[in-house]
Amino acid sequence: MTPFGTRLAHAIEERGRFCVGIDPHAALLHEWGLDDDVASLERFALTVVEAVAPVVGIVKPQSAFYERFGSRGIAVLERVVEESRAAGALVLMDAKRGDIGSTSQAYADAYLDPTSPLGCDAVTASPYLGFGSLDPMLEACRRHGGGLFVLALTSNKEGPEVQHARTGDTSVAGTVLAHLRAANAGAEPVGSFGAVVGATIGDTEEDLDVNGPLLVPGFGAQGGTVDDMARIFGRASRWALPSSSRDVLRAGPDVGALRDAARRGNDAVRGLGA
Ligand SMILES: O=C(O)c1cc(=O)[nH]c(=O)n1[C@@H]1O[C@H](COP(=O)(O)O)[C@@H](O)[C@H]1O
């Protein structure tokens, strides 16, 4: 199986680096003139897939917005995964999973095994039970050509209390980044193990070059700009995936308007890393 890093590099080359988040917020369902029920969830999510999955390199459904409808919401999420991949987009499941190793194995089986109903190209993970607890997910990525995006410096204002905490000279975020750098050592053109670094974090002294992709949420609705990303990421922006949900989704429900919004986002970040 071709490694995720290689597949991602092709996707960026062919379609661009912009990632669209498929997050059916209750407020957005309302803005689209829909009810807050599972039929509306399905209409919303599949309209977004139809509009953006044929044109962007990667989409990121946030699992929580589907989970809140129970098993029927998860069934919609399965269709989002399947139809996005059929339209040629990579699917990054935003589930932010992390647990003791034996349970991490079950998360790996759920999201990274291609035979699973929710099998995706990549998944987000939380390292706060210790980076080593994610080993079953890393191993599944190696086996199946999947990718993992591990929280390092998140876009929310509460993140620093944990992520900037230091032991000796090293911050929690620095430790996560060092583990990712080791996991990606020697990979070409880029590794399969990415970091999540918000567009809103401001200047950082951490070395963001992990020879892996950087998922960069916080672009758009949370205030992050292209200039911020160019400044914060420097040469690491070569593999940055700026991600936006609400900013694009507000353009719906018209398929053409949604697609235009995705194209505008893609164009805006094209020059990053040049
Ligand atoms: O992992 C993520 O995607 C993520 C990490 C982070 O640090 N901040 C963050 O906002 N996210 C996710 O990115 C999306 C941001 O949505 P918008 O603010 O609407 O663009 C949501 O799905 C968040 O859960």
# chains A, B, ... in the order shown; residues from 1 in each chain; ligands from 1
call {"tool": "residues_around", "arguments": {"residues": "stretch 95-99 of chain A", "least_positions_apart": "2", "cutoff": "6 Å", "atoms": "only C-alpha atoms", "output": "list in words"}}
result
Ser63, Met93, Thr103, Ser104, Thr124, Ala125 and Ser126 of chain A
call {"tool": "select_by_dssp", "arguments": {"residues": "stretch 33-260 of chain A", "states": "strand (DSSP E)", "output": "NGL selection string"}}
result
:A and (58-61 or 90-97 or 122-125 or 147-153 or 166-167 or 170-171 or 193-197 or 214-216 or 240-244)
call {"tool": "write_last_selection", "arguments": {"atoms": "N, CA and C atoms", "output": "CSV table (one decimal), in the first residue's frame"}}
result
chain,number,residue,atom,x,y,z
A,58,ILE,N,-8.5,17.1,0.1
A,58,ILE,CA,-8.7,16.4,1.4
A,58,ILE,C,-10.0,17.0,2.1
A,59,VAL,N,-10.8,16.2,2.6
A,59,VAL,CA,-11.9,16.7,3.4
A,59,VAL,C,-11.8,16.1,4.8
A,60,LYS,N,-12.4,16.8,5.8
A,60,LYS,CA,-12.3,16.4,7.2
A,60,LYS,C,-13.6,16.5,7.9
A,61,PRO,N,-14.4,15.4,7.9
A,61,PRO,CA,-15.6,15.4,8.7
A,61,PRO,C,-15.3,15.3,10.1
A,90,LEU,N,-9.1,12.7,-0.4
A,90,LEU,CA,-8.7,11.9,0.8
A,90,LEU,C,-9.6,12.3,1.9
A,91,VAL,N,-9.9,11.3,2.8
A,91,VAL,CA,-10.7,11.6,4.0
A,91,VAL,C,-9.9,11.5,5.3
A,92,LEU,N,-9.9,12.7,6.0
A,92,LEU,CA,-9.3,12.7,7.3
A,92,LEU,C,-10.4,12.8,8.3
A,93,MET,N,-10.6,11.7,9.1
A,93,MET,CA,-11.6,11.7,10.1
A,93,MET,C,-11.2,12.5,11.3
A,94,ASP,N,-11.9,13.5,11.6
A,94,ASP,CA,-11.6,14.3,12.8
A,94,ASP,C,-12.3,13.7,14.0
A,95,ALA,N,-11.6,12.8,14.7
A,95,ALA,CA,-12.2,12.1,15.8
A,95,ALA,C,-11.4,12.3,17.1
A,96,LYS,N,-10.2,12.8,17.0
A,96,LYS,CA,-9.3,13.1,18.1
A,96,LYS,C,-9.4,12.0,19.2
A,97,ARG,N,-9.1,10.8,18.7
A,97,ARG,CA,-9.1,9.6,19.6
A,97,ARG,C,-7.8,9.5,20.3
A,122,ALA,N,-7.0,8.9,7.0
A,122,ALA,CA,-6.3,9.4,8.1
A,122,ALA,C,-7.2,9.7,9.2
A,123,VAL,N,-6.7,9.9,10.4
A,123,VAL,CA,-7.5,10.2,11.6
A,123,VAL,C,-6.8,11.2,12.5
A,124,THR,N,-7.5,12.0,13.2
A,124,THR,CA,-6.8,12.9,14.2
A,124,THR,C,-6.7,12.1,15.5
A,125,ALA,N,-5.7,12.4,16.3
A,125,ALA,CA,-5.4,11.6,17.6
A,125,ALA,C,-5.0,12.6,18.6
A,147,GLY,N,-2.8,7.7,7.5
A,147,GLY,CA,-2.1,8.8,8.2
A,147,GLY,C,-2.7,9.1,9.5
A,148,LEU,N,-1.8,9.7,10.4
A,148,LEU,CA,-2.3,10.1,11.7
A,148,LEU,C,-1.9,11.6,11.9
A,149,PHE,N,-2.8,12.4,12.5
A,149,PHE,CA,-2.6,13.8,12.8
A,149,PHE,C,-2.7,14.0,14.3
A,150,VAL,N,-1.6,14.2,14.9
A,150,VAL,CA,-1.6,14.3,16.4
A,150,VAL,C,-1.6,15.7,16.9
A,151,LEU,N,-2.5,16.0,17.9
A,151,LEU,CA,-2.6,17.3,18.4
A,151,LEU,C,-1.2,17.8,19.0
A,152,ALA,N,-0.8,19.0,18.6
A,152,ALA,CA,0.5,19.5,19.1
A,152,ALA,C,0.2,20.9,19.7
A,153,LEU,N,-0.2,21.8,18.9
A,153,LEU,CA,-0.5,23.2,19.3
A,153,LEU,C,-1.8,23.6,18.8
A,166,ARG,N,6.0,22.6,30.7
A,166,ARG,CA,7.4,22.2,30.4
A,166,ARG,C,7.9,21.2,31.4
A,167,THR,N,8.7,20.3,30.9
A,167,THR,CA,9.5,19.4,31.8
A,167,THR,C,11.0,19.7,31.4
A,170,THR,N,11.9,21.1,27.7
A,170,THR,CA,11.0,20.7,26.6
A,170,THR,C,9.5,20.9,27.0
A,171,SER,N,8.7,21.4,26.1
A,171,SER,CA,7.3,21.6,26.3
A,171,SER,C,6.6,20.3,25.9
A,193,PHE,N,2.9,10.9,9.3
A,193,PHE,CA,2.5,11.3,10.7
A,193,PHE,C,2.6,12.8,10.9
A,194,GLY,N,1.4,13.4,11.0
A,194,GLY,CA,1.3,14.8,11.0
A,194,GLY,C,1.0,15.4,12.3
A,195,ALA,N,1.2,16.7,12.4
A,195,ALA,CA,0.9,17.5,13.7
A,195,ALA,C,-0.3,18.4,13.4
A,196,VAL,N,-1.1,18.6,14.4
A,196,VAL,CA,-2.1,19.6,14.3
A,196,VAL,C,-1.6,20.8,15.0
A,197,VAL,N,-1.5,21.9,14.2
A,197,VAL,CA,-1.0,23.2,14.7
A,197,VAL,C,-2.0,24.3,14.2
A,214,LEU,N,1.3,19.2,8.3
A,214,LEU,CA,0.7,19.9,9.4
A,214,LEU,C,-0.8,20.2,9.1
A,215,LEU,N,-1.7,19.7,9.9
A,215,LEU,CA,-3.1,20.1,9.7
A,215,LEU,C,-3.2,21.5,10.4
A,216,VAL,N,-3.7,22.5,9.7
A,216,VAL,CA,-3.8,23.8,10.3
A,216,VAL,C,-5.2,24.3,10.3
A,240,ALA,N,1.9,22.2,4.9
A,240,ALA,CA,0.7,22.7,5.7
A,240,ALA,C,-0.6,22.4,4.9
A,241,LEU,N,-1.6,22.0,5.7
A,241,LEU,CA,-2.9,21.8,5.1
A,241,LEU,C,-3.9,22.7,5.9
A,242,PRO,N,-4.0,23.9,5.4
A,242,PRO,CA,-5.0,24.9,6.1
A,242,PRO,C,-6.4,24.3,5.9
A,243,SER,N,-7.1,24.3,7.1
A,243,SER,CA,-8.4,23.7,7.1
A,243,SER,C,-9.5,24.7,7.5
A,244,SER,N,-10.6,24.6,6.9
A,244,SER,CA,-11.7,25.6,7.2
A,244,SER,C,-13.0,24.8,7.1
call {"tool": "residues_around", "arguments": {"residues": "A:Val56", "least_positions_apart": "2", "cutoff": "12 Å", "atoms": "only C-alpha atoms", "output": "PyMOL selection string"}}
result
chain A and resi 8+11-21+48-54+58-60+84-85+87-91+241-244+258-267+270
call {"tool": "closest_residue", "arguments": {"among": "A:Trp239, A:Phe44, A:Tyr107, A:Phe219", "to": "ligand 1", "atoms": "only C-alpha atoms and all ligand atoms"}}
result
A:Phe219
call {"tool": "select_by_dssp", "arguments": {"residues": "stretch 24-184 of chain A", "states": "alpha helix (DSSP H)", "output": "short mmCIF file (atom, residue, chain, number, x, y, z; two decimals) with C-alpha atoms, in the first residue's frame"}}
result
data_model
loop_
_atom_site.label_atom_id
_atom_site.label_comp_id
_atom_site.auth_asym_id
_atom_site.auth_seq_id
_atom_site.Cartn_x
_atom_site.Cartn_y
_atom_site.Cartn_z
CA ALA A 26 -26.93 22.89 14.32
CA ALA A 27 -26.55 26.62 13.56
CA LEU A 28 -25.48 25.88 9.97
CA LEU A 29 -28.39 23.48 9.43
CA HIS A 30 -30.60 26.35 10.53
CA GLU A 31 -28.82 28.85 8.20
CA VAL A 38 -30.96 13.23 10.82
CA ALA A 39 -32.60 13.75 7.40
CA SER A 40 -31.26 17.32 7.41
CA LEU A 41 -27.84 16.12 8.56
CA GLU A 42 -27.76 13.78 5.57
CA ARG A 43 -28.91 16.49 3.14
CA PHE A 44 -26.31 18.95 4.46
CA ALA A 45 -23.37 16.55 4.58
CA LEU A 46 -23.98 14.95 1.18
CA THR A 47 -24.52 18.34 -0.47
CA VAL A 48 -21.12 19.44 0.84
CA VAL A 49 -19.54 16.21 -0.41
CA GLU A 50 -21.10 16.67 -3.86
CA ALA A 51 -19.79 20.25 -4.01
CA VAL A 52 -16.28 19.97 -2.63
CA ALA A 64 -19.02 14.66 16.87
CA PHE A 65 -21.56 16.38 14.61
CA TYR A 66 -22.67 12.95 13.34
CA GLU A 67 -22.39 11.11 16.66
CA SER A 71 -26.38 5.25 14.92
CA ARG A 72 -28.27 6.98 12.09
CA GLY A 73 -25.79 9.87 12.26
CA ILE A 74 -22.90 7.42 12.06
CA ALA A 75 -24.57 5.86 9.00
CA VAL A 76 -24.48 9.33 7.37
CA LEU A 77 -20.80 9.64 8.33
CA GLU A 78 -20.10 6.31 6.60
CA ARG A 79 -21.66 7.70 3.40
CA VAL A 80 -19.62 10.90 3.71
CA VAL A 81 -16.45 8.79 3.86
CA GLU A 82 -17.43 6.52 0.99
CA GLU A 83 -18.72 9.23 -1.37
CA SER A 84 -15.84 11.63 -0.69
CA ARG A 85 -13.31 8.93 -1.49
CA ALA A 86 -15.26 7.92 -4.60
CA GLY A 101 -2.77 1.13 23.99
CA SER A 102 -5.22 -1.79 23.95
CA THR A 103 -8.13 0.59 23.29
CA SER A 104 -6.05 2.56 20.78
CA GLN A 105 -5.90 -0.70 18.84
CA ALA A 106 -9.70 -0.65 18.57
CA TYR A 107 -9.61 2.96 17.34
CA ALA A 108 -7.00 1.91 14.79
CA ASP A 109 -9.28 -0.92 13.67
CA ALA A 110 -12.24 1.47 13.42
CA TYR A 111 -10.64 4.28 11.42
CA LEU A 112 -7.49 2.94 9.77
CA ASP A 135 1.52 3.06 18.76
CA PRO A 136 -1.31 0.77 17.54
CA MET A 137 -2.54 3.65 15.36
CA LEU A 138 0.96 4.32 13.98
CA GLU A 139 1.36 0.61 13.28
CA ALA A 140 -2.02 0.48 11.47
CA CYS A 141 -0.94 3.46 9.35
CA ARG A 142 2.25 1.66 8.37
CA ARG A 143 0.32 -1.50 7.52
CA HIS A 144 -2.52 0.11 5.56
CA PRO A 160 -1.53 26.33 26.05
CA GLU A 161 -2.18 25.35 29.69
CA VAL A 162 -1.34 21.77 28.72
CA GLN A 163 0.65 22.13 25.51
CA VAL A 172 4.54 19.02 25.95
CA ALA A 173 4.07 20.23 22.37
CA GLY A 174 7.82 19.93 21.74
CA THR A 175 7.76 16.34 22.98
CA VAL A 176 4.87 15.48 20.62
CA LEU A 177 6.67 17.15 17.70
CA ALA A 178 9.89 15.25 18.50
CA HIS A 179 8.02 11.92 18.47
CA LEU A 180 6.49 12.80 15.09
CA ARG A 181 9.90 13.80 13.70
CA ALA A 182 11.29 10.41 14.78
CA ALA A 183 8.32 8.53 13.28
#
